[in-house]
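Quick look at run.json (JSON, C-alpha atoms):
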[["chain", "number", "residue", "atom", "x", "y", "z"],
["A", 25, "MET", "CA", -24.23, 3.98, -12.07],
["A", 26, "LYS", "CA", -21.60, 4.72, -14.67],
["A", 27, "LYS", "CA", -20.41, 2.04, -17.00],
["A", 28, "HIS", "CA", -17.24, 0.31, -15.78],
["A", 29, "GLN", "CA", -14.22, 2.08, -17.18],
["A", 30, "HIS", "CA", -11.53, -0.52, -16.63],
["A", 31, "GLN", "CA", -10.83, -2.74, -19.59],
["A", 32, "THR", "CA", -10.51, -5.65, -17.16],
["A", 33, "GLN", "CA", -13.51, -6.72, -15.13],
["A", 34, "TYR", "CA", -12.24, -8.38, -11.96],
["A", 35, "ALA", "CA", -14.31, -11.29, -10.70],
["A", 36, "GLY", "CA", -15.58, -11.16, -7.15],
["A", 37, "ILE", "CA", -15.60, -7.38, -6.60],
["A", 38, "ALA", "CA", -18.96, -6.21, -7.95],
["A", 39, "GLY", "CA", -21.48, -5.83, -5.15],
["A", 40, "LYS", "CA", -18.86, -6.12, -2.42],
["A", 41, "THR", "CA", -18.37, -3.60, 0.38],
["A", 42, "VAL", "CA", -14.95, -1.94, 0.29],
["A", 43, "ILE", "CA", -13.47, 0.38, 2.92],
["A", 44, "VAL", "CA", -10.57, 2.63, 1.90],
["A", 45, "THR", "CA", -8.68, 4.77, 4.43],
["A", 46, "GLY", "CA", -6.85, 7.90, 3.38],
["A", 47, "ALA", "CA", -9.42, 7.88, 0.60],
["A", 48, "ALA", "CA", -9.85, 11.53, -0.31],
["A", 49, "ALA", "CA", -6.79, 12.13, -2.47],
["A", 50, "GLY", "CA", -3.86, 10.59, -4.30],
["A", 51, "ILE", "CA", -3.62, 6.80, -4.38],
["A", 52, "GLY", "CA", -6.53, 6.48, -1.94],
["A", 53, "PHE", "CA", -8.89, 8.35, -4.25],
["A", 54, "CYS", "CA", -7.77, 6.29, -7.26],
["A", 55, "LEU", "CA", -8.35, 3.11, -5.25],
["A", 56, "SER", "CA", -11.84, 4.26, -4.29],
["A", 57, "LYS", "CA", -12.68, 5.18, -7.88],
["A", 58, "ALA", "CA", -11.30, 1.91, -9.27],
["A", 59, "PHE", "CA", -13.33, -0.26, -6.88],
["A", 60, "ALA", "CA", -16.44, 1.85, -7.51],
["A", 61, "GLU", "CA", -16.00, 1.40, -11.27],
["A", 62, "GLN", "CA", -15.95, -2.34, -10.70],
["A", 63, "GLY", "CA", -19.38, -2.13, -9.06],
["A", 64, "ALA", "CA", -18.32, -2.21, -5.40],
["A", 65, "GLN", "CA", -19.91, -0.18, -2.61],
["A", 66, "VAL", "CA", -17.07, 2.02, -1.39],
["A", 67, "PHE", "CA", -16.90, 3.51, 2.09],
["A", 68, "MET", "CA", -14.28, 6.25, 2.03],
["A", 69, "ILE", "CA", -12.61, 7.20, 5.32],
["A", 70, "ASP", "CA", -10.41, 10.28, 5.56],
["A", 71, "PHE", "CA", -9.35, 12.77, 8.24],
["A", 72, "ASN", "CA", -9.95, 15.78, 5.96],
["A", 73, "GLN", "CA", -13.67, 16.49, 5.68],
["A", 74, "ASP", "CA", -13.28, 19.13, 2.94],
["A", 75, "ALA", "CA", -11.15, 16.87, 0.75],
["A", 76, "LEU", "CA", -13.59, 14.04, 1.40],
["A", 77, "ASN", "CA", -16.51, 16.17, 0.25],
["A", 78, "GLU", "CA", -14.66, 16.96, -2.99],
["A", 79, "ALA", "CA", -13.89, 13.28, -3.55],
["A", 80, "LEU", "CA", -17.51, 12.30, -2.98],
["A", 81, "GLN", "CA", -18.64, 14.96, -5.44],
["A", 82, "ALA", "CA", -16.23, 13.55, -8.06],
["A", 83, "LEU", "CA", -17.64, 10.04, -7.50],
["A", 84, "GLN", "CA", -21.30, 10.99, -7.18],
["A", 85, "ASP", "CA", -22.32, 8.65, -10.01],
["A", 86, "TYR", "CA", -21.14, 5.62, -8.03],
["A", 87, "THR", "CA", -22.18, 3.88, -4.83],
["A", 88, "VAL", "CA", -19.88, 5.64, -2.40],
["A", 89, "GLN", "CA", -20.16, 7.10, 1.06],
["A", 90, "GLY", "CA", -17.72, 9.23, 3.04],
["A", 91, "TYR", "CA", -16.86, 9.24, 6.72],
["A", 92, "ALA", "CA", -14.48, 11.68, 8.41],
["A", 93, "ALA", "CA", -12.44, 9.96, 11.11],
["A", 94, "ASN", "CA", -9.02, 9.87, 12.72],
["A", 95, "VAL", "CA", -7.90, 6.28, 12.03],
["A", 96, "THR", "CA", -5.42, 6.40, 14.94],
["A", 97, "ASP", "CA", -8.34, 6.67, 17.39],
["A", 98, "ASP", "CA", -9.73, 3.25, 18.30],
["A", 99, "GLU", "CA", -13.19, 4.59, 19.18],
["A", 100, "ALA", "CA", -13.40, 6.59, 15.94],
["A", 101, "VAL", "CA", -12.36, 3.52, 13.93],
["A", 102, "SER", "CA", -14.97, 1.37, 15.67],
["A", 103, "ALA", "CA", -17.65, 3.98, 14.95],
["A", 104, "ALA", "CA", -16.61, 4.21, 11.29],
["A", 105, "PHE", "CA", -16.85, 0.46, 10.75],
["A", 106, "GLU", "CA", -20.23, 0.39, 12.48],
["A", 107, "ALA", "CA", -21.43, 3.19, 10.19],
["A", 108, "CYS", "CA", -20.24, 1.25, 7.14],
["A", 109, "LYS", "CA", -22.04, -1.88, 8.34],
["A", 110, "ASN", "CA", -25.25, 0.10, 8.79],
["A", 111, "SER", "CA", -25.00, 1.57, 5.28],
["A", 112, "PHE", "CA", -23.54, -1.25, 3.19],
["A", 113, "GLY", "CA", -23.37, -4.36, 5.37],
["A", 114, "PHE", "CA", -20.28, -6.25, 6.48],
["A", 115, "VAL", "CA", -16.99, -5.17, 4.95],
["A", 116, "ASP", "CA", -15.56, -7.53, 2.30],
["A", 117, "VAL", "CA", -12.39, -5.65, 1.40],
["A", 118, "LEU", "CA", -10.36, -3.25, 3.53],
["A", 119, "PHE", "CA", -7.64, -1.15, 1.96],
["A", 120, "ASN", "CA", -5.43, 0.41, 4.64],
["A", 121, "ASN", "CA", -4.02, 3.32, 2.68],
["A", 122, "ALA", "CA", -3.69, 6.14, 5.24],
["A", 123, "GLY", "CA", -0.06, 7.05, 5.84],
["A", 124, "ILE", "CA", 2.45, 9.88, 6.11],
["A", 125, "SER", "CA", 6.08, 10.44, 5.19],
["A", 126, "LEU", "CA", 8.83, 11.57, 7.56],
["A", 127, "ASN", "CA", 12.24, 12.33, 6.11],
["A", 128, "LYS", "CA", 14.39, 13.97, 8.75],
["A", 129, "PRO", "CA", 17.75, 13.44, 10.49],
["A", 130, "SER", "CA", 17.14, 10.93, 13.28],
["A", 131, "LEU", "CA", 18.82, 13.17, 15.87],
["A", 132, "ASP", "CA", 16.24, 15.87, 15.11],
["A", 133, "ILE", "CA", 13.04, 13.80, 15.24],
["A", 134, "THR", "CA", 10.79, 14.94, 18.08],
["A", 135, "MET", "CA", 8.68, 12.52, 20.08],
["A", 136, "PRO", "CA", 5.42, 13.99, 18.74],
["A", 137, "GLU", "CA", 6.72, 13.46, 15.18],
["A", 138, "TRP", "CA", 7.81, 9.90, 15.96],
["A", 139, "ARG", "CA", 4.52, 8.99, 17.64],
["A", 140, "ARG", "CA", 2.46, 10.53, 14.82],
["A", 141, "CYS", "CA", 4.36, 8.50, 12.21],
["A", 142, "VAL", "CA", 3.96, 5.27, 14.19],
["A", 143, "ASP", "CA", 0.29, 5.96, 14.93],
["A", 144, "ILE", "CA", -0.70, 6.76, 11.34],
["A", 145, "ASN", "CA", 1.53, 4.31, 9.46],
["A", 146, "LEU", "CA", 1.25, 1.34, 11.79],
["A", 147, "THR", "CA", -1.25, 1.59, 14.64],
["A", 148, "SER", "CA", -4.09, 2.71, 12.35],
["A", 149, "LEU", "CA", -3.56, -0.37, 10.17],
["A", 150, "PHE", "CA", -3.89, -2.66, 13.17],
["A", 151, "LEU", "CA", -7.01, -0.90, 14.47],
["A", 152, "CYS", "CA", -8.75, -1.00, 11.09],
["A", 153, "SER", "CA", -7.67, -4.57, 10.35],
["A", 154, "GLN", "CA", -8.94, -5.74, 13.73],
["A", 155, "GLN", "CA", -12.34, -4.13, 13.17],
["A", 156, "ALA", "CA", -12.53, -5.54, 9.63],
["A", 157, "ALA", "CA", -11.61, -9.04, 10.75],
["A", 158, "LYS", "CA", -14.31, -9.03, 13.42],
["A", 159, "GLN", "CA", -16.86, -8.53, 10.65],
["A", 160, "MET", "CA", -15.15, -10.75, 8.10],
["A", 161, "GLN", "CA", -15.03, -13.77, 10.39],
["A", 162, "GLN", "CA", -18.82, -13.60, 10.71],
["A", 163, "GLN", "CA", -19.27, -13.92, 6.96],
["A", 164, "GLY", "CA", -16.56, -16.48, 6.26],
["A", 165, "GLY", "CA", -13.74, -14.30, 4.98],
["A", 166, "GLY", "CA", -12.53, -11.17, 3.26],
["A", 167, "VAL", "CA", -9.46, -9.37, 1.99],
["A", 168, "ILE", "CA", -7.24, -6.83, 3.73],
["A", 169, "ILE", "CA", -4.67, -4.94, 1.67],
["A", 170, "ASN", "CA", -2.09, -2.65, 3.25],
["A", 171, "THR", "CA", -0.07, 0.13, 1.67],
["A", 172, "ALA", "CA", 3.57, -0.57, 2.47],
["A", 173, "SER", "CA", 6.36, 1.00, 0.39],
["A", 174, "ILE", "CA", 9.59, 0.22, -1.38],
["A", 175, "TRP", "CA", 11.06, 1.64, 1.85],
["A", 176, "GLY", "CA", 9.38, -1.13, 3.83],
["A", 177, "LEU", "CA", 11.81, -3.56, 2.22],
["A", 178, "SER", "CA", 14.91, -1.39, 2.31],
["A", 179, "THR", "CA", 16.43, 1.40, 4.35],
["A", 180, "SER", "CA", 17.93, 4.84, 3.98],
["A", 181, "ALA", "CA", 19.56, 7.55, 6.02],
["A", 182, "GLU", "CA", 17.14, 10.15, 7.39],
["A", 183, "ARG", "CA", 14.15, 7.85, 6.86],
["A", 184, "THR", "CA", 14.27, 5.97, 10.17],
["A", 185, "ALA", "CA", 10.66, 6.55, 11.20],
["A", 186, "TYR", "CA", 9.24, 5.96, 7.73],
["A", 187, "CYS", "CA", 11.29, 2.85, 6.91],
["A", 188, "THR", "CA", 10.69, 1.35, 10.36],
["A", 189, "THR", "CA", 6.92, 1.82, 10.23],
["A", 190, "LYS", "CA", 6.64, 0.54, 6.66],
["A", 191, "ALA", "CA", 8.76, -2.50, 7.56],
["A", 192, "GLY", "CA", 6.26, -3.00, 10.36],
["A", 193, "VAL", "CA", 3.47, -3.00, 7.79],
["A", 194, "VAL", "CA", 5.24, -5.79, 5.89],
["A", 195, "SER", "CA", 5.63, -7.79, 9.11],
["A", 196, "MET", "CA", 2.05, -7.18, 10.26],
["A", 197, "THR", "CA", 0.79, -8.32, 6.87],
["A", 198, "LYS", "CA", 2.56, -11.66, 7.30],
["A", 199, "CYS", "CA", 1.49, -12.08, 10.93],
["A", 200, "LEU", "CA", -2.18, -11.42, 10.27],
["A", 201, "ALA", "CA", -2.18, -13.57, 7.12],
["A", 202, "ALA", "CA", -0.80, -16.48, 9.13],
["A", 203, "GLU", "CA", -3.29, -15.98, 11.94],
["A", 204, "TRP", "CA", -6.45, -15.20, 10.00],
["A", 205, "GLY", "CA", -6.07, -17.59, 7.07],
["A", 206, "GLU", "CA", -8.22, -20.14, 8.89],
["A", 207, "LEU", "CA", -10.97, -17.50, 9.02],
["A", 208, "GLY", "CA", -10.87, -17.16, 5.24],
["A", 209, "ILE", "CA", -9.23, -13.73, 5.46],
["A", 210, "ARG", "CA", -6.42, -12.93, 3.03],
["A", 211, "VAL", "CA", -3.96, -10.20, 4.07],
["A", 212, "LEU", "CA", -1.61, -8.64, 1.53],
["A", 213, "ALA", "CA", 0.46, -5.51, 1.05],
["A", 214, "ILE", "CA", 1.39, -3.34, -1.91],
["A", 215, "GLY", "CA", 4.75, -1.59, -1.95],
["A", 216, "PRO", "CA", 4.52, 1.37, -4.30],
["A", 217, "GLY", "CA", 7.56, 3.14, -5.61],
["A", 218, "TYR", "CA", 7.47, 6.85, -6.31],
["A", 219, "THR", "CA", 4.04, 7.63, -7.73],
["A", 220, "ARG", "CA", 2.86, 10.68, -9.66],
["A", 221, "THR", "CA", 0.29, 12.13, -7.28],
["A", 222, "ALA", "CA", -0.71, 15.75, -6.71],
["A", 223, "LEU", "CA", 1.56, 15.79, -3.67],
["A", 224, "VAL", "CA", 4.58, 14.66, -5.71],
["A", 225, "GLU", "CA", 3.83, 17.26, -8.37],
["A", 226, "LYS", "CA", 3.59, 19.94, -5.67],
["A", 227, "LEU", "CA", 6.96, 18.88, -4.22],
["A", 228, "GLN", "CA", 8.40, 18.95, -7.73],
["A", 229, "GLN", "CA", 7.15, 22.51, -8.25],
["A", 230, "GLN", "CA", 8.67, 23.52, -4.92],
["A", 231, "ASN", "CA", 12.00, 21.97, -5.99],
["A", 232, "THR", "CA", 12.01, 19.71, -2.93],
["A", 233, "LEU", "CA", 11.79, 16.54, -5.01],
["A", 234, "ASP", "CA", 13.89, 15.88, -8.11],
["A", 235, "VAL", "CA", 11.48, 13.84, -10.25],
["A", 236, "ALA", "CA", 13.87, 13.76, -13.21],
["A", 237, "ASP", "CA", 16.50, 12.12, -10.98],
["A", 238, "LEU", "CA", 13.97, 9.60, -9.67],
["A", 239, "GLU", "CA", 13.02, 8.70, -13.23],
["A", 240, "ARG", "CA", 16.68, 8.23, -14.17],
["A", 241, "ARG", "CA", 17.15, 5.87, -11.23],
["A", 242, "THR", "CA", 14.09, 3.79, -12.16],
["A", 243, "PRO", "CA", 14.77, 1.07, -14.77],
["A", 244, "LEU", "CA", 11.43, 1.69, -16.50],
["A", 245, "GLY", "CA", 12.30, 5.38, -16.68],
["A", 246, "ARG", "CA", 9.24, 6.95, -15.07],
["A", 247, "LEU", "CA", 7.15, 7.23, -11.93],
["A", 248, "ALA", "CA", 4.11, 5.05, -11.30],
["A", 249, "GLU", "CA", 0.64, 6.37, -12.06],
["A", 250, "PRO", "CA", -1.89, 6.08, -9.19],
["A", 251, "GLU", "CA", -4.18, 4.12, -11.51],
["A", 252, "GLU", "CA", -1.48, 1.44, -11.83],
["A", 253, "ILE", "CA", -1.40, 1.00, -8.05],
["A", 254, "ALA", "CA", -5.19, 0.69, -8.09],
["A", 255, "GLU", "CA", -5.02, -1.92, -10.85],
["A", 256, "LEU", "CA", -2.79, -4.14, -8.70],
["A", 257, "ALA", "CA", -5.16, -3.65, -5.77],
["A", 258, "LEU", "CA", -8.12, -4.77, -7.86],
["A", 259, "PHE", "CA", -6.29, -7.92, -8.91],
["A", 260, "LEU", "CA", -5.24, -8.79, -5.34],
["A", 261, "ALA", "CA", -8.77, -8.23, -4.03],
["A", 262, "SER", "CA", -10.34, -10.30, -6.81],
["A", 263, "ASP", "CA", -11.06, -14.02, -7.10],
["A", 264, "ALA", "CA", -8.06, -14.29, -9.44],
["A", 265, "ALA", "CA", -5.78, -13.92, -6.41],
["A", 266, "LYS", "CA", -7.70, -16.10, -3.97],
["A", 267, "PHE", "CA", -4.67, -18.27, -3.12],
["A", 268, "MET", "CA", -2.42, -15.27, -2.49],
["A", 269, "THR", "CA", -1.83, -14.05, 1.04],
["A", 270, "GLY", "CA", 0.93, -12.88, 3.37],
["A", 271, "GLN", "CA", 3.09, -11.19, 0.73],
["A", 272, "THR", "CA", 4.12, -7.65, -0.17],
["A", 273, "TYR", "CA", 4.04, -6.90, -3.88],
["A", 274, "LEU", "CA", 6.31, -4.13, -5.08],
["A", 275, "ILE", "CA", 5.13, -1.93, -7.93],
["A", 276, "ASP", "CA", 8.14, 0.28, -8.45],
["A", 277, "GLY", "CA", 9.30, 0.17, -12.07],
["A", 278, "GLY", "CA", 12.32, -1.91, -11.06],
["A", 279, "TRP", "CA", 13.61, 0.51, -8.40],
["A", 280, "GLU", "CA", 14.34, -2.17, -5.80],
["A", 281, "ALA", "CA", 15.81, -4.54, -8.39],
["A", 282, "ASN", "CA", 18.23, -1.76, -9.31],
["A", 283, "GLY", "CA", 19.61, -1.74, -5.78],
["A", 284, "PHE", "CA", 18.03, 1.62, -4.92],
["A", 285, "GLN", "CA", 20.82, 3.28, -6.95]]
Can the structure from this file be put into structure tokens for me?
Amino acid sequence: MKKHQHQTQYAGIAGKTVIVTGAAAGIGFCLSKAFAEQGAQVFMIDFNQDALNEALQALQDYTVQGYAANVTDDEAVSAAFEACKNSFGFVDVLFNNAGISLNKPSLDITMPEWRRCVDINLTSLFLCSQQAAKQMQQQGGGVIINTASIWGLSTSAERTAYCTTKAGVVSMTKCLAAEWGELGIRVLAIGPGYTRTALVEKLQQQNTLDVADLERRTPLGRLAEPEEIAELALFLASDAAKFMTGQTYLIDGGWEANGFQ
């Protein structure tokens, strides 16, 4: 296994089993890589088999395994968690990262679009969290981290489906933290601001996203790097955060503090 590449070694992660959904690209891939670098066994779930194969190839020096599954399908989720248990043992950390965006006038949203957004951004998190908790309660605890968004704590025109589902993630995080605390399970959420992923760069090249404007509106003057999101995830999953649960932690360069100007 490669030498750990993070300057910080986070206590309580090495040797643990970590499941990441939406793991093949963007923030999900950086999360998978970061946990693998810390010595965790990482079980990467993604809908896209080809992208998953590429991700596994990139992380071949680490203890990782891939599993192609639709996380909105309860039977597929159950099978994925069973496969992880057979390979690595009970899950210690679940990172619910799978999600999609939907920016569209509310009068024009079709029911298939609405249902897909709700299923991927909200239902999948419940299904995966439920499966994780069933394993975690048998071993005395674990950590579940959800990807929310700055838009889970605010609202905007033409983002009804996205804001509503991400607000649901914030609420679900609190509900499950309150319910599962007695089982030793911590449940948290991360609310990223705009992050420099391959998707964002593609949208920038297509002139459908004005990155320069986003940077001007962000007090720290830039977008987040995926590695910075992963760094926060490592801290929240580690022993350093063992009294933290039920909260959503924004990592947005001051965007929300600036009133979403």
Practice task
Quote the spacing between atom CA of A:Asp70 and atom CA of A:Leu118 in Å to one decimal place.
Solution key: 13.7 Å
Practice task
Would you mind telling me which residue in A:Ala181, A:Ile174, A:Ala103, A:Leu227 lies nearest to A:Leu131 when using all atoms listed in the file?
Solution key: A:Ala181
Handout entry: stretch 44-50 of chain A environment, 7 Å, all atoms listed in the file, sequence neighbours closer than 2 positions dropped, as a count of residues only
Key = 20
Problem - Residue contacts of A:Lys190 (8 Å, all atoms listed in the file) excluding same-chain residues fewer than 3 positions away, as a ChimeraX atom specification - result: /A:145-146,172-173,175-177,186-187,193-194
With 5 Å added on each side, what axis-aligned box encloses every listed atom of stretch 219-236 of chain A? Give the centre and edge lengths in Å to one decimal, as JSON.
{"center_x": 6.6, "center_y": 15.6, "center_z": -8.1, "size_x": 24.6, "size_y": 25.9, "size_z": 20.3}
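Minimum distance to A:Trp138 across A:Ser111, A:Ser125, A:Gln81, A:Ser178 (counting all atoms listed in the file) occurs at A:Ser125.
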Practice task
Within 8 Å of (-15.2, 6.0, -6.3) (coordinates as in the file), grab all the protein and nucleic acid residues, counting only C-alpha atoms, and write them out as a PyMOL selection string.
Solution key: chain A and resi 53-61+66+79-80+82-84+86-88
Practice task
Figure out the distance between atom CA of A:Ala185 and atom CA of A:Lys128, please, to one decimal in Å.
Solution key: 8.7 Å
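Note that the spacing between atom CA of A:Lys158 and atom CA of A:Val115 amounts to 9.7 Å.
Distances to A:Met160 were evaluated for A:Glu206, A:Asn231, A:Ala254, A:Thr197 using all atoms listed in the file, and the minimum falls at A:Glu206.
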Handout entry: Selection near A:Thr184, 9 Å with only C-alpha atoms, sequence-local residues under 6 positions removed, as an NGL selection string
Key = :A and (126-130)
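In terms of minimum interatomic distance to A:Thr41, A:Ala261 ranks closest within A:Leu256, A:Ala261, A:Ile133, A:Ala201, counting all atoms listed in the file.
Of the residues listed (A:Gly278, A:Gly123, A:Gly39, A:Gly164), A:Gly164 shows the shortest atom-to-atom separation from A:Gly208; distances use only C-alpha atoms.
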Completion exercise
Across A:Met135, A:Ser180, A:Glu99, A:Phe71, the smallest distance to A:Gly283, with all atoms listed in the file counted, is shown by A:Ser180
Exercise for the section: Excluding A:Val224 and residues on its chain fewer than 6 positions from it, collect all residues at most 12 Å away from it, counting only C-alpha atoms, and give them as a list of chain:residue names. Expected result: A:Gly50, A:Ile51, A:Ser125, A:Gly217, A:Tyr218, A:Gln230, A:Asn231, A:Thr232, A:Leu233, A:Asp234, A:Val235, A:Ala236, A:Leu238, A:Leu247, A:Ala248, A:Glu249, A:Pro250
With a distance cut-off of 10 Å and all atoms listed in the file, select the neighbouring residues of A:Ala281, excluding the residue or stretch itself and same-chain residues fewer than 5 positions from it, and output the selection as a tab-separated table (two decimals) with C-alpha atoms, in the frame of the given file.
chain	number	residue	atom	x	y	z
A	242	THR	CA	14.09	3.79	-12.16
A	243	PRO	CA	14.77	1.07	-14.77
A	276	ASP	CA	8.14	0.28	-8.45
